[in-house]
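Structure file entry05.pdb with PDB, C-alpha atoms:
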```pdb
ATOM      1  CA  MET N   1     -73.541 -20.571 142.568
ATOM      2  CA  ALA N   2     -75.015 -17.327 143.914
ATOM      3  CA  SER N   3     -71.522 -15.856 144.263
ATOM      4  CA  GLU N   4     -70.802 -16.600 140.588
ATOM      5  CA  LEU N   5     -74.060 -14.978 139.520
ATOM      6  CA  SER N   6     -73.361 -11.874 141.592
ATOM      7  CA  GLN N   7     -70.056 -11.431 139.740
ATOM      8  CA  GLN N   8     -71.760 -11.094 136.339
ATOM      9  CA  TYR N   9     -71.954  -7.489 135.265
ATOM     10  CA  LEU N  10     -71.575  -5.385 132.182
ATOM     11  CA  GLN N  11     -70.897  -1.727 131.621
ATOM     12  CA  ILE N  12     -71.777  -0.426 128.165
ATOM     13  CA  GLN N  13     -69.578   2.641 127.735
ATOM     14  CA  ILE N  14     -71.180   4.702 124.952
ATOM     15  CA  GLN N  15     -69.238   7.542 123.331
ATOM     16  CA  ASP N  16     -71.147  10.107 121.256
ATOM     17  CA  ASP N  17     -68.943  11.471 118.456
ATOM     18  CA  LEU N  18     -71.938  13.039 116.685
ATOM     19  CA  LYS N  19     -72.674  16.773 116.482
ATOM     20  CA  TYR N  20     -75.849  16.223 118.539
ATOM     21  CA  ASP N  21     -76.829  14.416 121.729
ATOM     22  CA  ILE N  22     -77.973  10.788 121.835
ATOM     23  CA  ARG N  23     -80.951   9.680 123.931
ATOM     24  CA  ILE N  24     -81.334   6.260 125.497
ATOM     25  CA  GLU N  25     -84.835   4.802 125.096
ATOM     26  CA  ASN N  26     -86.712   1.535 125.628
ATOM     27  CA  ALA N  27     -84.331   0.222 128.302
ATOM     28  CA  ASP N  28     -85.438  -3.315 129.090
ATOM     29  CA  LEU N  29     -84.078  -6.120 131.261
ATOM     30  CA  ASP N  30     -85.405  -9.667 131.063
ATOM     31  CA  SER N  31     -83.170 -10.514 134.020
ATOM     32  CA  GLY N  32     -80.759  -8.571 136.182
ATOM     33  CA  GLN N  33     -80.765  -4.972 137.410
ATOM     34  CA  PHE N  34     -79.528  -1.637 136.108
ATOM     35  CA  TYR N  35     -77.273   0.281 138.486
ATOM     36  CA  ARG N  36     -75.492   3.635 138.663
ATOM     37  CA  GLU N  37     -71.902   3.549 137.422
ATOM     38  CA  ASP N  38     -69.405   2.993 140.269
ATOM     39  CA  ASP N  39     -72.176   2.221 142.802
ATOM     40  CA  ARG N  40     -73.774  -1.215 142.419
ATOM     41  CA  SER N  41     -75.969  -0.564 145.467
ATOM     42  CA  ASP N  42     -77.722   2.330 143.643
ATOM     43  CA  ILE N  43     -80.304   0.394 141.608
ATOM     44  CA  LEU N  44     -81.894   2.148 138.609
ATOM     45  CA  THR N  45     -85.243   1.449 136.971
ATOM     46  CA  SER N  46     -85.721   1.196 133.211
ATOM     47  CA  ASP N  47     -87.310   4.666 133.377
ATOM     48  CA  ASP N  48     -84.142   6.036 135.020
ATOM     49  CA  VAL N  49     -82.060   4.660 132.149
ATOM     50  CA  ASP N  50     -84.566   6.001 129.592
ATOM     51  CA  ASP N  51     -83.960   9.488 131.048
ATOM     52  CA  MET N  52     -80.236   9.311 130.228
ATOM     53  CA  ALA N  53     -78.644  11.313 127.430
ATOM     54  CA  ILE N  54     -75.137  11.285 126.016
ATOM     55  CA  ARG N  55     -73.596  14.657 125.270
ATOM     56  CA  HIS N  56     -72.291  15.222 121.744
ATOM     57  CA  ASN N  57     -68.679  15.823 120.619
ATOM     58  CA  GLY N  58     -67.114  12.971 122.586
ATOM     59  CA  GLY N  59     -69.417  12.746 125.596
ATOM     60  CA  ILE N  60     -69.510   9.354 127.342
ATOM     61  CA  ARG N  61     -72.313   7.678 129.309
ATOM     62  CA  THR N  62     -72.135   4.232 130.853
ATOM     63  CA  VAL N  63     -75.168   1.942 131.140
ATOM     64  CA  CYS N  64     -74.540  -0.741 133.768
ATOM     65  CA  SER N  65     -76.365  -3.953 134.645
ATOM     66  CA  MET N  66     -75.662  -6.942 136.886
ATOM     67  CA  TYR N  67     -76.961 -10.291 138.150
ATOM     68  CA  GLY N  68     -77.464 -12.585 135.171
ATOM     69  CA  SER N  69     -78.163  -9.733 132.819
ATOM     70  CA  GLN N  70     -80.213 -10.009 129.666
ATOM     71  CA  GLY N  71     -81.627  -6.870 128.102
ATOM     72  CA  SER N  72     -81.563  -4.137 125.487
ATOM     73  CA  ILE N  73     -81.533  -0.369 124.908
ATOM     74  CA  ASP N  74     -82.179   1.862 121.906
ATOM     75  CA  LEU N  75     -79.830   4.714 120.984
ATOM     76  CA  VAL N  76     -81.673   7.653 119.390
ATOM     77  CA  ASP N  77     -80.349  10.756 117.587
ATOM     78  CA  ASP N  78     -81.853  13.605 119.631
ATOM     79  CA  VAL N  79     -82.149  16.034 116.679
ATOM     80  CA  ARG N  80     -83.331  13.705 113.902
ATOM     81  CA  ASP N  81     -85.420  11.693 116.386
ATOM     82  CA  ALA N  82     -84.123   8.597 114.569
ATOM     83  CA  ARG N  83     -83.132   5.304 116.158
ATOM     84  CA  ILE N  84     -79.409   4.803 115.546
ATOM     85  CA  CYS N  85     -79.507   1.159 116.649
ATOM     86  CA  SER N  86     -80.559  -1.181 119.415
ATOM     87  CA  LEU N  87     -77.985  -2.854 121.648
ATOM     88  CA  ALA N  88     -78.977  -6.239 123.079
ATOM     89  CA  TRP N  89     -77.070  -8.544 125.406
ATOM     90  CA  ARG N  90     -77.229 -11.857 127.210
ATOM     91  CA  ALA N  91     -74.585 -12.370 129.874
ATOM     92  CA  SER N  92     -74.240 -15.878 131.262
ATOM     93  CA  MET N  93     -72.138 -17.303 134.075
ATOM     94  CA  GLN N  94     -73.047 -20.887 133.182
ATOM     95  CA  PRO N  95     -69.986 -22.983 132.258
ATOM     96  CA  GLY N  96     -69.710 -23.466 128.505
ATOM     97  CA  GLU N  97     -72.260 -20.755 127.619
ATOM     98  CA  GLN N  98     -71.152 -17.769 125.555
ATOM     99  CA  ASN N  99     -72.075 -14.166 126.300
ATOM    100  CA  GLU N 100     -73.841 -12.301 123.511
ATOM    101  CA  PHE N 101     -73.767  -8.616 122.585
ATOM    102  CA  ASN N 102     -75.541  -7.545 119.396
ATOM    103  CA  LYS N 103     -76.235  -4.415 117.381
ATOM    104  CA  LEU N 104     -79.757  -4.586 115.909
ATOM    105  CA  HIS N 105     -81.907  -2.305 113.710
ATOM    106  CA  HIS N 106     -78.825  -0.332 112.616
ATOM    107  CA  ASP N 107     -79.528   2.919 110.707
ATOM    108  CA  THR N 108     -76.760   3.066 108.096
ATOM    109  CA  ARG N 109     -76.527   6.876 108.390
ATOM    110  CA  TYR N 110     -74.492   6.190 111.537
ATOM    111  CA  MET N 111     -71.299   4.265 112.184
ATOM    112  CA  VAL N 112     -71.575   2.108 115.317
ATOM    113  CA  GLU N 113     -68.285   0.622 116.505
ATOM    114  CA  ILE N 114     -68.366  -2.051 119.206
ATOM    115  CA  GLY N 115     -65.038  -2.731 120.900
ATOM    116  CA  ARG N 116     -63.722  -5.906 122.495
ATOM    117  CA  TRP N 117     -65.626  -7.615 125.296
ATOM    118  CA  ASN N 118     -65.448 -10.946 127.138
ATOM    119  CA  GLU N 119     -67.267 -13.715 125.285
ATOM    120  CA  SER N 120     -67.386 -15.919 128.394
ATOM    121  CA  GLY N 121     -67.317 -15.271 132.126
ATOM    122  CA  THR N 122     -67.870 -11.715 133.303
ATOM    123  CA  MET N 123     -68.658  -9.455 130.332
ATOM    124  CA  GLY N 124     -67.061  -6.379 131.917
ATOM    125  CA  THR N 125     -66.836  -3.110 129.980
ATOM    126  CA  ILE N 126     -68.079  -2.933 126.388
ATOM    127  CA  PRO N 127     -66.987   0.202 124.504
ATOM    128  CA  VAL N 128     -69.442   1.509 121.888
ATOM    129  CA  THR N 129     -68.707   4.578 119.733
ATOM    130  CA  ILE N 130     -71.295   6.363 117.572
ATOM    131  CA  LYS N 131     -70.106   8.492 114.620
ATOM    132  CA  GLU N 132     -71.536  10.116 111.504
ATOM    133  CA  GLN N 133     -71.319   7.910 108.407
ATOM    134  CA  TYR N 134     -69.381   9.775 105.722
TER     135      TYR N 134
END
```
Written as structure tokens, how would this file's structure read?
Amino acid sequence: MASELSQQYLQIQIQDDLKYDIRIENADLDSGQFYREDDRSDILTSDDVDDMAIRHNGGIRTVCSMYGSQGSIDLVDDVRDARICSLAWRASMQPGEQNEFNKLHHDTRYMVEIGRWNESGTMGTIPVTIKEQY
């Protein structure tokens, strides 16, 4: 069972197609650990994740978590100081249980596109793109 749990991970790959940077705030895990992309042994705190920014005009930042992950982050427009949305997830390795990935508190001034992800088993990479709403 421990080996199954250790295989659960997700990488939220966030692309900023805005004219301004996006900040990550209020990183929270109810279970699991954040880690640095491509190095699962480099554990990050919620404060480390809160210090992350995503560069504008196509910049990409990946937020990674593992070990039975359940948590959330807020994406914030750095210039308007406005929350774009919250991203929340629950990743389960229990047979028959579905993974969940939700966009909450969405500010309609922004388009938030969430790509395909695994609804059961290992969640893997979840692409998220933020654009101006025209």
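When the PyMOL selection byres ((chain N and resi 56) around 10) is evaluated against the file, it yields N:Gln15, N:Asp16, N:Asp17, N:Leu18, N:Lys19, N:Tyr20, N:Asp21, N:Ile22, N:Ala53, N:Ile54, N:Arg55, N:Asn57, N:Gly58, N:Gly59, N:Ile60, N:Asp78, N:Ile130.
When atom CA of Gln70 of chain N is paired with atom CA of Asp30 of chain N, their separation reads 5.4 Å.
Nearest-residue note for Val49 of chain N: choosing from N:Ser31, N:Gln11, N:Ser69, N:Asn26, the minimum distance belongs to N:Asn26, counting only C-alpha atoms.
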Name the residues captured by the PyMOL selection byres ((chain N and resi 100-117) around 6) when it is applied to the shown file; answer as a PDB file with C-alpha atoms, in the frame of the given file.
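To be explicit, this is the file written out as expr-v3.pdb:
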```
ATOM      1  CA  ILE N  84     -79.409   4.803 115.546  1.00  0.00           C
ATOM      2  CA  CYS N  85     -79.507   1.159 116.649  1.00  0.00           C
ATOM      3  CA  SER N  86     -80.559  -1.181 119.415  1.00  0.00           C
ATOM      4  CA  LEU N  87     -77.985  -2.854 121.648  1.00  0.00           C
ATOM      5  CA  ALA N  88     -78.977  -6.239 123.079  1.00  0.00           C
ATOM      6  CA  TRP N  89     -77.070  -8.544 125.406  1.00  0.00           C
ATOM      7  CA  ARG N  90     -77.229 -11.857 127.210  1.00  0.00           C
ATOM      8  CA  ASN N  99     -72.075 -14.166 126.300  1.00  0.00           C
ATOM      9  CA  ASN N 118     -65.448 -10.946 127.138  1.00  0.00           C
ATOM     10  CA  ILE N 126     -68.079  -2.933 126.388  1.00  0.00           C
ATOM     11  CA  PRO N 127     -66.987   0.202 124.504  1.00  0.00           C
ATOM     12  CA  VAL N 128     -69.442   1.509 121.888  1.00  0.00           C
ATOM     13  CA  THR N 129     -68.707   4.578 119.733  1.00  0.00           C
ATOM     14  CA  ILE N 130     -71.295   6.363 117.572  1.00  0.00           C
ATOM     15  CA  LYS N 131     -70.106   8.492 114.620  1.00  0.00           C
ATOM     16  CA  GLU N 132     -71.536  10.116 111.504  1.00  0.00           C
ATOM     17  CA  GLN N 133     -71.319   7.910 108.407  1.00  0.00           C
TER      18      GLN N 133
END
```
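The space separating atom CA of Arg83 of chain N from atom CA of Asp42 of chain N comes to 28.2 Å.
This file, queried with the PyMOL selection byres ((chain N and resi 45) around 9), gives the residues N:Ala27, N:Gln33, N:Phe34, N:Tyr35, N:Ile43, N:Leu44, N:Ser46, N:Asp47, N:Asp48, N:Val49, N:Asp50.
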Keeping only C-alpha atoms, write the selected residues as a short mmCIF file (atom, residue, chain, number, x, y, z; two decimals), in the frame of the given file.
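Output file result-v7.cif follows:
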```
data_model
loop_
_atom_site.label_atom_id
_atom_site.label_comp_id
_atom_site.auth_asym_id
_atom_site.auth_seq_id
_atom_site.Cartn_x
_atom_site.Cartn_y
_atom_site.Cartn_z
CA ALA N 27 -84.33 0.22 128.30
CA GLN N 33 -80.76 -4.97 137.41
CA PHE N 34 -79.53 -1.64 136.11
CA TYR N 35 -77.27 0.28 138.49
CA ILE N 43 -80.30 0.39 141.61
CA LEU N 44 -81.89 2.15 138.61
CA SER N 46 -85.72 1.20 133.21
CA ASP N 47 -87.31 4.67 133.38
CA ASP N 48 -84.14 6.04 135.02
CA VAL N 49 -82.06 4.66 132.15
CA ASP N 50 -84.57 6.00 129.59
#
```
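Residue nearest Met123 of chain N within the list N:Cys64, N:Arg80, N:Gly96, N:Leu29: N:Cys64 [criterion: smallest interatomic distance, only C-alpha atoms].
Each of N:Thr62, N:Ser92, N:Ser41, N:Ser72 was compared to Gln8 of chain N using only C-alpha atoms, and N:Ser92 turns out to be the nearest.
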One-decimal distance in Å that lies between atom CA of Leu75 of chain N and atom CA of Ile14 of chain N: 9.5 Å
N:Asp38, N:Gly71, N:Met66, N:Tyr134 ranked by distance to Tyr9 of chain N, top pick (using all atoms listed in the file): N:Met66
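Distances here use all atoms listed in the file; by that measure, the residue among N:Met52, N:Val76, N:Val63, N:Met93 closest to Ile12 of chain N is N:Val63.
Candidate residues N:Asp74, N:Arg61, N:Thr122, N:Asp81 were compared for distance to Glu97 of chain N, and the nearest is N:Thr122, using only C-alpha atoms.
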Box centre and edge lengths (Å, one decimal), axis-aligned, segment 116-121 of chain N plus 5 Å each side, as AutoDock Vina command-line options:
```
--center_x -65.6 --center_y -10.9 --center_z 127.3 --size_x 13.7 --size_y 20.0 --size_z 19.6
```
